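Next up, input_12.cif (mmCIF, C-alpha atoms):
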```
data_entry
loop_
_atom_site.group_PDB
_atom_site.id
_atom_site.type_symbol
_atom_site.label_atom_id
_atom_site.label_comp_id
_atom_site.auth_asym_id
_atom_site.auth_seq_id
_atom_site.Cartn_x
_atom_site.Cartn_y
_atom_site.Cartn_z
ATOM 1 C CA MET A 19 -62.437 -16.644 11.120
ATOM 2 C CA ALA A 20 -61.040 -19.999 10.025
ATOM 3 C CA THR A 21 -59.514 -18.431 6.993
ATOM 4 C CA SER A 22 -57.779 -15.748 9.025
ATOM 5 C CA THR A 23 -56.589 -18.277 11.582
ATOM 6 C CA THR A 24 -55.149 -20.458 8.855
ATOM 7 C CA ALA A 25 -53.455 -17.502 7.249
ATOM 8 C CA ALA A 26 -51.974 -16.516 10.577
ATOM 9 C CA THR A 27 -50.715 -19.945 11.505
ATOM 10 C CA ALA A 28 -49.592 -21.214 8.115
ATOM 11 C CA PRO A 29 -46.413 -19.139 7.877
ATOM 12 C CA ALA A 30 -45.390 -20.145 11.382
ATOM 13 C CA GLY A 31 -45.971 -23.808 10.679
ATOM 14 C CA SER A 32 -44.181 -23.725 7.343
ATOM 15 C CA GLY A 33 -40.969 -22.411 8.897
ATOM 16 C CA ARG A 34 -40.503 -19.818 6.162
ATOM 17 C CA GLU A 35 -40.598 -16.546 8.048
ATOM 18 C CA PRO A 36 -39.250 -13.640 6.013
ATOM 19 C CA GLY A 37 -35.502 -13.590 6.391
ATOM 20 C CA GLY A 38 -35.446 -16.495 8.864
ATOM 21 C CA PRO A 39 -32.728 -18.643 7.228
ATOM 22 C CA ASP A 40 -30.716 -15.549 6.294
ATOM 23 C CA VAL A 41 -30.790 -14.266 9.863
ATOM 24 C CA ASP A 42 -29.643 -17.646 11.188
ATOM 25 C CA ALA A 43 -26.827 -17.772 8.654
ATOM 26 C CA ARG A 44 -25.624 -14.280 9.567
ATOM 27 C CA THR A 45 -25.796 -15.147 13.266
ATOM 28 C CA ARG A 46 -23.744 -18.296 12.754
ATOM 29 C CA ALA A 47 -21.237 -16.336 10.680
ATOM 30 C CA ARG A 48 -20.827 -13.727 13.424
ATOM 31 C CA VAL A 49 -20.390 -16.407 16.072
ATOM 32 C CA GLN A 50 -17.813 -18.169 13.906
ATOM 33 C CA LYS A 51 -15.886 -14.912 13.371
ATOM 34 C CA LYS A 52 -15.876 -14.235 17.112
ATOM 35 C CA ARG A 53 -14.556 -17.729 17.798
ATOM 36 C CA GLU A 54 -11.828 -17.350 15.189
ATOM 37 C CA ALA A 55 -10.845 -13.929 16.566
ATOM 38 C CA GLU A 56 -10.745 -15.327 20.105
ATOM 39 C CA HIS A 57 -8.651 -18.293 18.970
ATOM 40 C CA LEU A 58 -6.211 -16.020 17.139
ATOM 41 C CA ARG A 59 -6.023 -13.714 20.161
ATOM 42 C CA THR A 60 -5.302 -16.696 22.400
ATOM 43 C CA LEU A 61 -2.530 -17.941 20.112
ATOM 44 C CA THR A 62 -0.974 -14.477 19.907
ATOM 45 C CA LEU A 63 -1.359 -13.137 23.444
ATOM 46 C CA GLY A 64 -1.798 -16.321 25.472
ATOM 47 C CA PRO A 65 -4.808 -17.746 27.299
ATOM 48 C CA GLY A 66 -4.387 -15.838 30.574
ATOM 49 C CA ARG A 67 -5.330 -12.257 31.387
ATOM 50 C CA LYS A 68 -1.858 -11.481 32.718
ATOM 51 C CA GLY A 69 -0.246 -12.460 29.425
ATOM 52 C CA ARG A 70 -2.701 -10.337 27.468
ATOM 53 C CA ALA A 71 -2.195 -7.373 29.776
ATOM 54 C CA ALA A 72 1.574 -7.632 29.390
ATOM 55 C CA ALA A 73 1.264 -7.904 25.604
ATOM 56 C CA TYR A 74 -1.041 -4.903 25.388
ATOM 57 C CA THR A 75 1.343 -2.913 27.589
ATOM 58 C CA VAL A 76 4.318 -3.726 25.370
ATOM 59 C CA VAL A 77 2.336 -2.860 22.223
ATOM 60 C CA ALA A 78 1.180 0.438 23.754
ATOM 61 C CA VAL A 79 4.759 1.384 24.700
ATOM 62 C CA LEU A 80 6.054 0.524 21.229
ATOM 63 C CA ALA A 81 3.199 2.474 19.616
ATOM 64 C CA ALA A 82 4.019 5.510 21.771
ATOM 65 C CA LEU A 83 7.709 5.295 20.857
ATOM 66 C CA TRP A 84 6.759 5.070 17.172
ATOM 67 C CA ALA A 85 4.301 7.980 17.348
ATOM 68 C CA LEU A 86 6.558 10.300 19.365
ATOM 69 C CA PRO A 87 8.782 11.418 16.430
ATOM 70 C CA MET A 88 5.711 11.925 14.243
ATOM 71 C CA ALA A 89 4.007 14.020 16.919
ATOM 72 C CA TRP A 90 7.189 16.063 17.403
ATOM 73 C CA ALA A 91 7.414 16.702 13.652
ATOM 74 C CA VAL A 92 3.789 17.879 13.509
ATOM 75 C CA LEU A 93 4.261 20.198 16.492
ATOM 76 C CA SER A 94 7.547 21.553 15.113
ATOM 77 C CA SER A 95 5.872 22.429 11.806
ATOM 78 C CA PHE A 96 3.538 24.798 13.682
ATOM 79 C CA LYS A 97 6.361 26.625 15.469
ATOM 80 C CA SER A 98 8.470 29.541 14.362
ATOM 81 C CA GLU A 99 12.084 28.966 13.366
ATOM 82 C CA ALA A 100 13.287 30.641 16.559
ATOM 83 C CA ASP A 101 11.167 28.348 18.757
ATOM 84 C CA VAL A 102 12.221 25.214 16.889
ATOM 85 C CA SER A 103 15.923 26.080 17.239
ATOM 86 C CA ALA A 104 15.635 27.251 20.858
ATOM 87 C CA ALA A 105 17.671 25.453 23.517
ATOM 88 C CA PRO A 106 16.480 23.726 25.569
ATOM 89 C CA LEU A 107 13.625 22.366 23.484
ATOM 90 C CA GLN A 108 10.175 23.348 24.684
ATOM 91 C CA PHE A 109 6.831 21.710 24.020
ATOM 92 C CA TRP A 110 4.896 24.967 24.190
ATOM 93 C CA PRO A 111 6.541 27.672 22.048
ATOM 94 C CA GLU A 112 7.092 31.048 23.613
ATOM 95 C CA GLY A 113 5.905 32.854 20.496
ATOM 96 C CA GLY A 114 2.779 30.718 20.195
ATOM 97 C CA TRP A 115 1.674 28.387 17.435
ATOM 98 C CA THR A 116 1.895 29.613 13.861
ATOM 99 C CA ALA A 117 1.429 28.318 10.310
ATOM 100 C CA ASP A 118 4.185 30.493 8.805
ATOM 101 C CA ALA A 119 6.234 27.439 7.838
ATOM 102 C CA TYR A 120 3.376 26.080 5.740
ATOM 103 C CA ARG A 121 2.825 29.485 4.121
ATOM 104 C CA SER A 122 6.489 29.770 3.169
ATOM 105 C CA VAL A 123 6.614 26.266 1.702
ATOM 106 C CA LEU A 124 3.402 26.734 -0.281
ATOM 107 C CA ALA A 125 4.601 30.106 -1.557
ATOM 108 C CA ALA A 126 8.041 28.807 -2.578
ATOM 109 C CA GLY A 127 6.848 25.963 -4.813
ATOM 110 C CA ASP A 128 3.997 24.602 -6.896
ATOM 111 C CA ILE A 129 2.708 22.074 -4.352
ATOM 112 C CA PRO A 130 -0.653 21.217 -6.029
ATOM 113 C CA LEU A 131 1.055 20.451 -9.356
ATOM 114 C CA TRP A 132 3.701 18.293 -7.682
ATOM 115 C CA ILE A 133 1.050 16.355 -5.774
ATOM 116 C CA TRP A 134 -0.910 15.810 -8.989
ATOM 117 C CA ASN A 135 2.234 14.560 -10.724
ATOM 118 C CA SER A 136 2.868 12.151 -7.857
ATOM 119 C CA VAL A 137 -0.712 10.883 -8.051
ATOM 120 C CA LEU A 138 -0.418 10.269 -11.801
ATOM 121 C CA VAL A 139 2.981 8.577 -11.571
ATOM 122 C CA SER A 140 2.087 6.432 -8.530
ATOM 123 C CA THR A 141 -1.225 5.343 -10.042
ATOM 124 C CA LEU A 142 0.383 4.461 -13.376
ATOM 125 C CA VAL A 143 3.188 2.532 -11.677
ATOM 126 C CA THR A 144 0.697 0.680 -9.476
ATOM 127 C CA VAL A 145 -1.598 -0.358 -12.332
ATOM 128 C CA ILE A 146 1.216 -1.544 -14.618
ATOM 129 C CA THR A 147 3.187 -3.258 -11.837
ATOM 130 C CA VAL A 148 0.195 -5.156 -10.447
ATOM 131 C CA THR A 149 -0.861 -6.234 -13.950
ATOM 132 C CA ILE A 150 2.609 -7.451 -14.965
ATOM 133 C CA SER A 151 3.270 -9.102 -11.596
ATOM 134 C CA ALA A 152 -0.080 -10.919 -11.566
ATOM 135 C CA LEU A 153 0.363 -12.281 -15.097
ATOM 136 C CA ALA A 154 3.961 -13.343 -14.466
ATOM 137 C CA ALA A 155 3.107 -14.887 -11.108
ATOM 138 C CA TYR A 156 0.221 -16.881 -12.583
ATOM 139 C CA ALA A 157 2.462 -18.130 -15.374
ATOM 140 C CA PHE A 158 5.103 -19.273 -12.878
ATOM 141 C CA SER A 159 2.461 -20.863 -10.656
ATOM 142 C CA ARG A 160 0.244 -22.692 -13.158
ATOM 143 C CA GLN A 161 1.695 -22.730 -16.665
ATOM 144 C CA LYS A 162 4.171 -25.351 -17.870
ATOM 145 C CA PHE A 163 6.722 -24.038 -20.364
ATOM 146 C CA ARG A 164 10.389 -24.545 -21.200
ATOM 147 C CA GLY A 165 12.769 -22.525 -19.045
ATOM 148 C CA ARG A 166 10.204 -21.685 -16.385
ATOM 149 C CA ARG A 167 12.492 -22.721 -13.523
ATOM 150 C CA TRP A 168 15.434 -20.683 -14.802
ATOM 151 C CA LEU A 169 13.271 -17.623 -15.371
ATOM 152 C CA PHE A 170 11.995 -17.854 -11.805
ATOM 153 C CA VAL A 171 15.562 -18.212 -10.541
ATOM 154 C CA LEU A 172 16.487 -15.042 -12.448
ATOM 155 C CA THR A 173 13.493 -13.295 -10.883
ATOM 156 C CA ILE A 174 14.716 -14.238 -7.415
ATOM 157 C CA ALA A 175 18.276 -13.222 -8.319
ATOM 158 C CA ALA A 176 17.004 -9.802 -9.408
ATOM 159 C CA LEU A 177 16.193 -9.080 -5.757
ATOM 160 C CA MET A 178 19.916 -8.977 -5.020
ATOM 161 C CA VAL A 179 20.613 -6.240 -7.585
ATOM 162 C CA PRO A 180 20.711 -2.794 -5.915
ATOM 163 C CA PRO A 181 18.474 -0.310 -7.759
ATOM 164 C CA GLN A 182 21.274 2.281 -7.736
ATOM 165 C CA ILE A 183 23.320 0.131 -10.143
ATOM 166 C CA LEU A 184 20.604 0.404 -12.799
ATOM 167 C CA ILE A 185 20.341 4.196 -12.737
ATOM 168 C CA VAL A 186 22.927 4.869 -15.472
ATOM 169 C CA PRO A 187 21.613 2.308 -18.021
ATOM 170 C CA LEU A 188 18.027 3.339 -17.288
ATOM 171 C CA PHE A 189 18.889 6.995 -17.783
ATOM 172 C CA ASP A 190 20.603 6.214 -21.110
ATOM 173 C CA GLN A 191 17.565 4.202 -22.143
ATOM 174 C CA MET A 192 15.163 7.047 -21.302
ATOM 175 C CA ILE A 193 17.310 9.446 -23.359
ATOM 176 C CA ALA A 194 17.315 7.033 -26.310
ATOM 177 C CA LEU A 195 13.528 6.724 -26.094
ATOM 178 C CA ARG A 196 13.171 10.505 -25.680
ATOM 179 C CA LEU A 197 11.338 10.024 -22.394
ATOM 180 C CA SER A 198 13.739 12.038 -20.267
ATOM 181 C CA ASP A 199 12.067 14.809 -18.274
ATOM 182 C CA THR A 200 8.601 13.323 -18.798
ATOM 183 C CA LEU A 201 6.115 11.722 -16.418
ATOM 184 C CA LEU A 202 6.213 8.539 -18.492
ATOM 185 C CA GLY A 203 9.985 8.438 -18.108
ATOM 186 C CA VAL A 204 9.559 8.771 -14.344
ATOM 187 C CA ALA A 205 7.018 5.949 -14.162
ATOM 188 C CA LEU A 206 8.200 3.242 -16.574
ATOM 189 C CA PRO A 207 11.516 2.276 -14.869
ATOM 190 C CA GLN A 208 9.618 1.692 -11.619
ATOM 191 C CA VAL A 209 7.127 -0.883 -12.909
ATOM 192 C CA VAL A 210 9.423 -3.930 -12.606
ATOM 193 C CA MET A 211 9.338 -5.334 -9.058
ATOM 194 C CA PRO A 212 10.506 -8.952 -8.742
ATOM 195 C CA LEU A 213 9.421 -9.092 -5.104
ATOM 196 C CA MET A 214 5.785 -8.576 -6.075
ATOM 197 C CA VAL A 215 6.010 -11.434 -8.603
ATOM 198 C CA ILE A 216 7.371 -13.798 -5.954
ATOM 199 C CA VAL A 217 4.782 -12.795 -3.339
ATOM 200 C CA MET A 218 1.869 -13.205 -5.747
ATOM 201 C CA LYS A 219 3.242 -16.493 -7.093
ATOM 202 C CA ASN A 220 3.339 -17.923 -3.569
ATOM 203 C CA PHE A 221 -0.249 -16.791 -3.057
ATOM 204 C CA PHE A 222 -1.451 -18.351 -6.331
ATOM 205 C CA ASP A 223 0.184 -21.652 -5.331
ATOM 206 C CA GLN A 224 -2.265 -21.862 -2.407
ATOM 207 C CA ILE A 225 -5.395 -21.560 -4.581
ATOM 208 C CA PRO A 226 -6.952 -25.020 -5.199
ATOM 209 C CA VAL A 227 -6.362 -26.240 -8.732
ATOM 210 C CA GLU A 228 -9.791 -27.919 -8.738
ATOM 211 C CA LEU A 229 -11.485 -24.528 -9.069
ATOM 212 C CA GLU A 230 -9.620 -23.805 -12.274
ATOM 213 C CA GLU A 231 -10.224 -27.283 -13.640
ATOM 214 C CA ALA A 232 -13.965 -26.895 -13.069
ATOM 215 C CA ALA A 233 -13.914 -23.635 -15.020
ATOM 216 C CA ARG A 234 -12.006 -25.262 -17.890
ATOM 217 C CA LEU A 235 -14.579 -28.057 -18.037
ATOM 218 C CA ASP A 236 -17.170 -25.359 -18.663
ATOM 219 C CA GLY A 237 -15.166 -24.174 -21.653
ATOM 220 C CA ALA A 238 -13.212 -21.291 -20.075
ATOM 221 C CA SER A 239 -9.858 -20.348 -21.591
ATOM 222 C CA ASP A 240 -6.694 -19.807 -19.557
ATOM 223 C CA PHE A 241 -7.169 -16.036 -19.536
ATOM 224 C CA ARG A 242 -10.834 -16.451 -18.581
ATOM 225 C CA VAL A 243 -9.842 -18.703 -15.694
ATOM 226 C CA PHE A 244 -7.252 -16.182 -14.567
ATOM 227 C CA TYR A 245 -9.628 -13.224 -14.845
ATOM 228 C CA SER A 246 -12.841 -14.813 -13.524
ATOM 229 C CA VAL A 247 -11.567 -17.374 -11.002
ATOM 230 C CA VAL A 248 -8.083 -16.526 -9.761
ATOM 231 C CA LEU A 249 -8.266 -12.743 -9.483
ATOM 232 C CA PRO A 250 -11.533 -12.638 -7.460
ATOM 233 C CA LEU A 251 -9.939 -15.058 -4.982
ATOM 234 C CA SER A 252 -6.820 -12.869 -4.758
ATOM 235 C CA ARG A 253 -8.300 -9.563 -3.605
ATOM 236 C CA SER A 254 -6.282 -9.544 -0.395
ATOM 237 C CA ILE A 255 -2.920 -9.984 -2.113
ATOM 238 C CA LEU A 256 -3.864 -7.538 -4.871
ATOM 239 C CA THR A 257 -4.744 -4.939 -2.242
ATOM 240 C CA ALA A 258 -1.519 -5.495 -0.330
ATOM 241 C CA VAL A 259 0.644 -5.332 -3.447
ATOM 242 C CA SER A 260 -1.165 -2.243 -4.754
ATOM 243 C CA ILE A 261 -0.694 -0.339 -1.508
ATOM 244 C CA PHE A 262 2.943 -1.393 -1.228
ATOM 245 C CA VAL A 263 3.701 -0.335 -4.815
ATOM 246 C CA PHE A 264 1.788 2.947 -4.517
ATOM 247 C CA ILE A 265 3.648 3.970 -1.353
ATOM 248 C CA SER A 266 6.994 2.954 -2.856
ATOM 249 C CA ALA A 267 6.339 4.988 -6.006
ATOM 250 C CA TRP A 268 5.075 7.972 -4.012
ATOM 251 C CA ASN A 269 8.140 8.088 -1.764
ATOM 252 C CA ASN A 270 10.683 7.446 -4.532
ATOM 253 C CA PHE A 271 13.107 10.368 -4.685
ATOM 254 C CA LEU A 272 16.322 9.265 -6.389
ATOM 255 C CA TRP A 273 15.062 8.273 -9.843
ATOM 256 C CA PRO A 274 12.578 11.178 -10.306
ATOM 257 C CA PHE A 275 15.307 13.544 -9.118
ATOM 258 C CA ILE A 276 17.729 12.253 -11.779
ATOM 259 C CA VAL A 277 15.368 12.013 -14.744
ATOM 260 C CA THR A 278 13.504 15.336 -14.281
ATOM 261 C CA ASN A 279 14.718 18.889 -14.796
ATOM 262 C CA SER A 280 11.564 20.943 -15.340
ATOM 263 C CA PRO A 281 9.684 22.057 -12.203
ATOM 264 C CA GLU A 282 6.345 21.230 -13.838
ATOM 265 C CA ILE A 283 7.384 17.543 -14.163
ATOM 266 C CA MET A 284 8.656 17.073 -10.592
ATOM 267 C CA THR A 285 6.931 14.822 -8.097
ATOM 268 C CA ILE A 286 6.235 15.911 -4.544
ATOM 269 C CA PRO A 287 9.432 14.460 -2.944
ATOM 270 C CA VAL A 288 11.642 16.091 -5.598
ATOM 271 C CA GLY A 289 9.708 19.348 -5.580
ATOM 272 C CA LEU A 290 9.845 19.701 -1.819
ATOM 273 C CA GLY A 291 13.559 18.944 -1.957
ATOM 274 C CA THR A 292 14.061 22.030 -4.107
ATOM 275 C CA VAL A 293 12.275 24.301 -1.639
ATOM 276 C CA LYS A 294 15.268 25.541 0.328
ATOM 277 C CA ASN A 295 15.957 28.737 2.154
ATOM 278 C CA ALA A 296 19.028 30.846 1.463
ATOM 279 C CA TYR A 297 19.793 31.067 5.192
ATOM 280 C CA GLY A 298 20.525 27.371 5.652
ATOM 281 C CA VAL A 299 18.412 24.613 7.153
ATOM 282 C CA GLN A 300 15.013 25.806 8.350
ATOM 283 C CA TYR A 301 13.671 23.071 10.612
ATOM 284 C CA ALA A 302 10.106 24.321 10.753
ATOM 285 C CA SER A 303 9.929 24.525 6.971
ATOM 286 C CA GLU A 304 11.482 21.058 6.657
ATOM 287 C CA MET A 305 8.858 19.599 8.994
ATOM 288 C CA ALA A 306 6.073 21.410 7.138
ATOM 289 C CA SER A 307 7.354 20.005 3.829
ATOM 290 C CA ALA A 308 7.410 16.498 5.270
ATOM 291 C CA MET A 309 3.838 16.849 6.555
ATOM 292 C CA ILE A 310 2.603 18.111 3.193
ATOM 293 C CA GLY A 311 4.263 15.197 1.405
ATOM 294 C CA ALA A 312 2.831 12.632 3.838
ATOM 295 C CA LEU A 313 -0.699 14.069 3.980
ATOM 296 C CA PRO A 314 -2.034 12.326 0.807
ATOM 297 C CA LEU A 315 -0.741 8.955 2.016
ATOM 298 C CA LEU A 316 -2.380 9.565 5.391
ATOM 299 C CA ILE A 317 -5.697 10.296 3.684
ATOM 300 C CA VAL A 318 -5.408 7.106 1.615
ATOM 301 C CA PHE A 319 -4.662 5.089 4.743
ATOM 302 C CA MET A 320 -7.633 6.531 6.630
ATOM 303 C CA LEU A 321 -9.985 5.777 3.730
ATOM 304 C CA PHE A 322 -8.732 2.232 3.075
ATOM 305 C CA GLN A 323 -7.493 1.305 6.545
ATOM 306 C CA ARG A 324 -9.527 -1.896 6.810
ATOM 307 C CA HIS A 325 -8.532 -3.144 3.361
ATOM 308 C CA ILE A 326 -4.868 -2.287 3.921
ATOM 309 C CA ILE A 327 -4.644 -4.116 7.249
ATOM 310 C CA ARG A 328 -6.559 -7.115 5.921
ATOM 311 C CA GLY A 329 -4.408 -7.315 2.807
ATOM 312 C CA PHE A 330 -1.098 -7.131 4.656
ATOM 313 C CA ALA A 331 -2.273 -9.537 7.338
ATOM 314 C CA THR A 332 -3.403 -12.219 4.900
ATOM 315 C CA SER A 333 -0.566 -11.891 2.385
ATOM 316 C CA GLY A 334 2.439 -12.168 4.675
ATOM 317 C CA MET A 335 3.839 -8.769 3.620
ATOM 318 C CA GLY A 336 3.659 -7.237 7.085
ATOM 319 C CA GLY A 337 7.425 -7.504 7.502
ATOM 320 C CA GLN A 338 8.281 -5.783 4.224
#
```
As structure tokens, the full file:
Amino acid sequence: MATSTTAATAPAGSGREPGGPDVDARTRARVQKKREAEHLRTLTLGPGRKGRAAAYTVVAVLAALWALPMAWAVLSSFKSEADVSAAPLQFWPEGGWTADAYRSVLAAGDIPLWIWNSVLVSTLVTVITVTISALAAYAFSRQKFRGRRWLFVLTIAALMVPPQILIVPLFDQMIALRLSDTLLGVALPQVVMPLMVIVMKNFFDQIPVELEEAARLDGASDFRVFYSVVLPLSRSILTAVSIFVFISAWNNFLWPFIVTNSPEIMTIPVGLGTVKNAYGVQYASEMASAMIGALPLLIVFMLFQRHIIRGFATSGMGGQ
């Protein structure tokens, strides 16, 4: 009996219940997150209930105004051409809802191939752009070399150059490299984004230098410090930049339209632009094309919604 009593009371007296310290740590972390969220909400919406109610009302109205054109486009894509062009406009079509616009668009072009081309091009552009921007930003932020200031000034000045001015020299360059009308020729001219270098450089400036110095004392090289210390601390900015670059590459129409001729090389914006009807503008088909082009981005947003919002909120790119 004494042995069983001792066994029963010893864990309680030792203060080492299974998971006890871990549970306390998680509880304190949740309480701290709630306090931080409440503090941020107070700074944004004000301390009073009336201020918060007014802010929520304004946000709801703005969200409704933003969503109204999108909802109208979705509804119009499920109407017939006669109902879309009818005057006055009606919410409920007289002929009923139909998917004929989607059938005509899918029958007129090679949508799956164009979507696959867009996925390949956007992924390639994102990987190369994020890699180049991160390396350049880290060099501007931490490395000391001759001409660093002037190179950074040129990077900032590159923001003032309209992309349309570079189309002719880029096209000549793709012809010289025999990359015209290829997916690589579509992707490579899009990988240079000075804005991403500047954004990531500003983020790297905020990382404490002491963390890198501690890694160097352990014998880590500059690349090891960048790969093992800086990048893990920069997940938010990497996520924000990746999403921004991917969306920009996906929606790019002008350059892929100029550099491609073959239908099997076209991306989804260019391919859908070639799907036209001989009888003029078909609004239902145009709305169906827009929905098909936006559907992959919508899926990506739904899957990575939390990471996207967190990345844009912590990186200061929400206004871009």
Selection as a PDB file with C-alpha atoms, in the frame of the given file: residues within 10 Å of (0.8, -14.1, -13.4), counting all atoms listed in the file:
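Okay, this is what ended up in selection.pdb:
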```pdb
ATOM      1  CA  VAL A 148       0.195  -5.156 -10.447  1.00  0.00           C
ATOM      2  CA  THR A 149      -0.861  -6.234 -13.950  1.00  0.00           C
ATOM      3  CA  ILE A 150       2.609  -7.451 -14.965  1.00  0.00           C
ATOM      4  CA  SER A 151       3.270  -9.102 -11.596  1.00  0.00           C
ATOM      5  CA  ALA A 152      -0.080 -10.919 -11.566  1.00  0.00           C
ATOM      6  CA  LEU A 153       0.363 -12.281 -15.097  1.00  0.00           C
ATOM      7  CA  ALA A 154       3.961 -13.343 -14.466  1.00  0.00           C
ATOM      8  CA  ALA A 155       3.107 -14.887 -11.108  1.00  0.00           C
ATOM      9  CA  TYR A 156       0.221 -16.881 -12.583  1.00  0.00           C
ATOM     10  CA  ALA A 157       2.462 -18.130 -15.374  1.00  0.00           C
ATOM     11  CA  PHE A 158       5.103 -19.273 -12.878  1.00  0.00           C
ATOM     12  CA  SER A 159       2.461 -20.863 -10.656  1.00  0.00           C
ATOM     13  CA  ARG A 160       0.244 -22.692 -13.158  1.00  0.00           C
ATOM     14  CA  GLN A 161       1.695 -22.730 -16.665  1.00  0.00           C
ATOM     15  CA  VAL A 215       6.010 -11.434  -8.603  1.00  0.00           C
ATOM     16  CA  ILE A 216       7.371 -13.798  -5.954  1.00  0.00           C
ATOM     17  CA  MET A 218       1.869 -13.205  -5.747  1.00  0.00           C
ATOM     18  CA  LYS A 219       3.242 -16.493  -7.093  1.00  0.00           C
ATOM     19  CA  PHE A 222      -1.451 -18.351  -6.331  1.00  0.00           C
ATOM     20  CA  PHE A 244      -7.252 -16.182 -14.567  1.00  0.00           C
ATOM     21  CA  VAL A 248      -8.083 -16.526  -9.761  1.00  0.00           C
ATOM     22  CA  LEU A 249      -8.266 -12.743  -9.483  1.00  0.00           C
TER      23      LEU A 249
END
```
Using all atoms listed in the file, determine which residues lie at most 8 Å from range 85-102 of chain A, disregarding the query and same-chain residues fewer than 5 positions distant; provide the list as a ChimeraX atom specification.
/A:107-108,111-120,300-306,309
List as JSON lines every residue of range 138-251 of chain A that is in contact with range 280-285 of chain A, defined as an atom at most 8 Å from one of its atoms (using only C-alpha atoms), together with the nearest atom pair and the distance in Å rounded to one decimal, sorted by chain and then rising number.
```
{"residue": "A:Asp199", "atom": "CA", "partner": "A:Ile283", "partner_atom": "CA", "distance": 6.8}
{"residue": "A:Thr200", "atom": "CA", "partner": "A:Ile283", "partner_atom": "CA", "distance": 6.4}
{"residue": "A:Leu201", "atom": "CA", "partner": "A:Ile283", "partner_atom": "CA", "distance": 6.4}
```
Which residue gives the smallest distance to Thr147 in chain A among A:Val259, A:Pro287, A:Met178, A:Leu235, with all atoms listed in the file counted?
A:Val259
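With all atoms listed in the file taken into account, the protein and nucleic acid residues at most 12 Å from Leu124 in chain A (excluding it and anything under 6 positions from it in its own chain) are Ala117, Asp118, Pro130, Leu131, Trp132, Ile133, Ile286, Gly289, Leu290, Val293, Lys294, Ser303, Ala306, Ser307, Ile310 and Gly311 of chain A.
CA of Thr278 in chain A sits 12.2 Å away from CA of Thr292 in chain A.
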Measure the distance from CA of Leu188 in chain A to CA of Pro212 in chain A in Å and round it to one decimal.
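Here the two named atoms are 16.8 Å from each other.
Proximity ranking of A:Ala258, A:Leu206, A:Leu213, A:Ala308 relative to Arg324 in chain A places A:Ala258 first, based on all atoms listed in the file.
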Non-local contacts of range 226-234 of chain A (10 Å; only C-alpha atoms; under 2 positions in same chain excluded) as a PyMOL selection string:
chain A and resi 160+222-224+236-240+242-244+246-248
Store the residues picked out above in a file with C-alpha atoms, as a JSON list (two decimals), in the frame of the given file.
```json
[["chain", "number", "residue", "atom", "x", "y", "z"],
["A", 160, "ARG", "CA", 0.24, -22.69, -13.16],
["A", 222, "PHE", "CA", -1.45, -18.35, -6.33],
["A", 223, "ASP", "CA", 0.18, -21.65, -5.33],
["A", 224, "GLN", "CA", -2.26, -21.86, -2.41],
["A", 236, "ASP", "CA", -17.17, -25.36, -18.66],
["A", 237, "GLY", "CA", -15.17, -24.17, -21.65],
["A", 238, "ALA", "CA", -13.21, -21.29, -20.08],
["A", 239, "SER", "CA", -9.86, -20.35, -21.59],
["A", 240, "ASP", "CA", -6.69, -19.81, -19.56],
["A", 242, "ARG", "CA", -10.83, -16.45, -18.58],
["A", 243, "VAL", "CA", -9.84, -18.70, -15.69],
["A", 244, "PHE", "CA", -7.25, -16.18, -14.57],
["A", 246, "SER", "CA", -12.84, -14.81, -13.52],
["A", 247, "VAL", "CA", -11.57, -17.37, -11.00],
["A", 248, "VAL", "CA", -8.08, -16.53, -9.76]]
```
When you draw a straight line from CA of Gln182 in chain A to CA of Val217 in chain A, how long is it in Å?
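One can read the CA of Gln182 in chain A to CA of Val217 in chain A distance as 22.8 Å.
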Run the PyMOL selection byres ((chain A and resi 177) around 12) against the file shown and list the residues it catches, as a list in words.
Phe170, Val171, Leu172, Thr173, Ile174, Ala175, Ala176, Met178, Val179, Pro180, Pro181, Val210, Met211, Pro212, Leu213, Met214, Val215 and Ile216 of chain A
Hits of the PyMOL selection byres ((chain A and resi 276) around 10) in this structure, as a VMD selection string
chain A and resid 185 to 186 189 198 to 199 204 271 to 275 277 to 279 288
